[in-house]
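Novice: The structure that follows is given in the form of structure tokens.
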Amino acid sequence: MDAAQQEATARARELQRNWYGEPLGALFRKLIDDLGLNQARLAAVLGLSAPMLSQLMSGQRAKIGNPAVVQRVQLLQELAAQAADGSVSAAEATERMEEIKKSQGGSVLSNTAQTTSGSGAPTVKRVVREIQSLLRSVAAAGDIIDAADALTTTHPELAEFLRVYGAGRTSDAVAHYQSHQN
């Protein structure tokens with residue numbers, strides 16, 4: 001790989017870090033490991049071609065163009081966390097991956113098996129991910145940060161909201177959400 005290609009790959013990975021919280025290669029490798037998948041199976045569940053998954057992982061492409069695929073990535077991340085903490089069995093994880101694969105996008109809140117607590121209410125993390133997904137489907141993280149910077153002096157709370165949900169990590173957004181309840 002020549003210097004220009006290396007620079008383009010580094011730039012794509014930095015954009016991925018801004019948009020998705022980490023480079024997609026690392027994110028997808030975690031999903032593969034945590035859910036016991038191979039790249040072809042992950043591509044099928046996400047609704048991507050194997051070559052597109054490979055290009056995203058290697059940094060040849062920066063952005064997932066389909067919002068439904070972004071939502072499937074988020075659902076798989078949540079499922080992987082549940083599998084890791086033992087709250088979902090391997091058989092349940094396989095069944096849920098099939099549900100995720102069939103999901104068409106739109107509001108992922110319609111998928112109650114993935115998005116609700118035992119009481120039927122959406123989980124805080126799910127609500128936060130919906131907000132993040134909506135913001136990130138409207139603008140790139142850098143643009144959201146620019147908008148937040150423009151609002152800082154006149155509307156600091158709104159600027160903070162944009163930074164936390166539009167460009168921050170999910171864990172920080174969950175903490176922010178919880179700190180503003182009641």
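Just remember, in the structure tokens the first chain shown is A, the second B, etc., residues are 1-based per chain, and ligands are 1-based in the order shown.
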For the structure I just gave you, how does DSSP split stretch 28-160 of chain A - specifically, which residues are helix (DSSP H, G or I)? Reply as a compact mmCIF listing (two decimals) with C-alpha atoms, in the first residue's frame.
Specialist:
```
# COMPACT_ATOMS: atom_id res chain seq x y z
CA PHE A 28 -16.90 -6.01 13.43
CA ARG A 29 -14.11 -8.24 14.80
CA LYS A 30 -15.66 -7.93 18.28
CA LEU A 31 -19.06 -8.93 16.90
CA ILE A 32 -17.49 -11.88 15.05
CA ASP A 33 -15.70 -13.04 18.21
CA ASP A 34 -18.52 -12.39 20.69
CA LEU A 35 -21.25 -13.94 18.55
CA GLN A 39 -17.24 -12.53 8.08
CA ALA A 40 -19.66 -14.03 5.56
CA ARG A 41 -22.28 -14.70 8.25
CA LEU A 42 -21.85 -11.21 9.73
CA ALA A 43 -22.27 -9.67 6.28
CA ALA A 44 -25.45 -11.71 5.74
CA VAL A 45 -26.96 -10.70 9.10
CA LEU A 46 -26.15 -7.04 8.47
CA ALA A 50 -19.04 -9.70 1.80
CA PRO A 51 -16.86 -7.34 -0.31
CA MET A 52 -18.54 -4.27 1.23
CA LEU A 53 -17.99 -5.64 4.75
CA SER A 54 -14.35 -6.24 3.87
CA GLN A 55 -13.96 -2.69 2.51
CA LEU A 56 -15.50 -1.21 5.67
CA MET A 57 -13.28 -3.37 7.90
CA SER A 58 -10.10 -2.49 6.03
CA PRO A 67 -29.37 3.43 7.99
CA ALA A 68 -31.03 0.01 8.39
CA VAL A 69 -27.56 -1.60 8.37
CA VAL A 70 -26.37 0.88 11.03
CA GLN A 71 -29.35 -0.11 13.16
CA ARG A 72 -28.55 -3.80 12.67
CA VAL A 73 -24.97 -3.11 13.81
CA GLN A 74 -26.34 -1.46 16.96
CA LEU A 75 -28.70 -4.37 17.61
CA LEU A 76 -25.84 -6.84 17.18
CA GLN A 77 -23.69 -4.83 19.60
CA GLU A 78 -26.44 -5.01 22.20
CA LEU A 79 -26.92 -8.73 21.55
CA ALA A 80 -23.17 -9.35 21.84
CA ALA A 81 -23.14 -7.60 25.22
CA GLN A 82 -26.06 -9.73 26.38
CA ALA A 83 -24.32 -12.90 25.17
CA ALA A 84 -21.12 -11.85 26.94
CA ALA A 90 -26.09 -19.08 22.35
CA ALA A 91 -29.35 -20.52 20.97
CA GLU A 92 -31.23 -17.31 21.80
CA ALA A 93 -28.46 -15.24 20.23
CA THR A 94 -28.72 -17.27 17.01
CA GLU A 95 -32.51 -16.80 16.96
CA ARG A 96 -32.19 -13.07 17.56
CA MET A 97 -29.59 -12.73 14.82
CA GLU A 98 -32.17 -14.14 12.41
CA GLU A 99 -34.68 -11.52 13.64
CA ILE A 100 -32.07 -8.79 13.20
CA LYS A 101 -31.25 -10.06 9.71
CA LYS A 102 -34.94 -9.80 8.74
CA VAL A 108 -35.91 -0.49 15.87
CA LEU A 109 -38.15 0.19 18.85
CA SER A 110 -40.72 -2.01 17.11
CA THR A 112 -39.56 -5.58 21.49
CA ALA A 113 -37.40 -8.64 22.00
CA GLN A 114 -34.31 -6.50 21.46
CA THR A 115 -35.31 -3.16 22.87
CA VAL A 124 -32.29 3.49 28.47
CA LYS A 125 -29.52 2.19 26.21
CA ARG A 126 -32.02 1.50 23.43
CA VAL A 127 -33.51 5.00 23.69
CA VAL A 128 -30.03 6.51 23.66
CA ARG A 129 -29.01 4.46 20.61
CA GLU A 130 -32.17 5.61 18.80
CA ILE A 131 -31.27 9.25 19.48
CA GLN A 132 -27.67 8.63 18.37
CA SER A 133 -28.81 6.83 15.23
CA LEU A 134 -31.18 9.63 14.30
CA LEU A 135 -28.57 12.35 14.81
CA ARG A 136 -25.90 10.38 12.96
CA SER A 137 -28.23 9.73 10.04
CA VAL A 138 -28.70 13.49 9.64
CA ALA A 141 -19.97 13.60 13.80
CA GLY A 142 -17.66 16.43 12.68
CA ASP A 143 -20.63 18.46 11.44
CA ILE A 144 -22.49 17.83 14.70
CA ILE A 145 -19.45 19.02 16.67
CA ASP A 146 -19.27 22.15 14.49
CA ALA A 147 -22.96 22.83 15.19
CA ALA A 148 -22.39 22.28 18.91
CA ASP A 149 -19.43 24.68 18.88
CA ALA A 150 -21.63 27.30 17.20
CA LEU A 151 -24.26 26.90 19.94
CA PRO A 156 -24.73 25.42 26.15
CA GLU A 157 -27.15 22.65 27.16
CA LEU A 158 -28.16 22.03 23.57
CA ALA A 159 -24.50 22.09 22.51
CA GLU A 160 -23.71 19.47 25.17
```
Novice: For atom CA of A:Asn18 and atom CA of A:Leu48, quote the distance in Å rounded to one decimal.
Specialist: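 Spanning atom CA of A:Asn18 to atom CA of A:Leu48 is a straight-line distance of 21.2 Å.
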Novice: Need the shell around A:Thr170: protein/DNA/RNA residues with any atom at most 10 Å away, counting only C-alpha atoms. Skip same-chain ones fewer than 2 positions apart. Format as number ranges by chain?
Specialist: A: 20-21, 125-126, 128-129, 132, 164-168, 172-176
Novice: Could you check how far atom CA of A:Pro23 sits from atom CA of A:Ile64, in Å to one decimal?
Specialist: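 These atoms are spaced 11.8 Å apart.
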Novice: So which residues touch A:Ala8 within 12 Å, counting only C-alpha atoms, skipping near sequence neighbours fewer than 4 positions away, as a ChimeraX atom specification?
Specialist: /A:1-4,12-15,58-62
Novice: Do you have the atom CA of A:Ala140-atom CA of A:Arg17 distance handy?
Specialist: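 These two atoms are separated by 11.1 Å.
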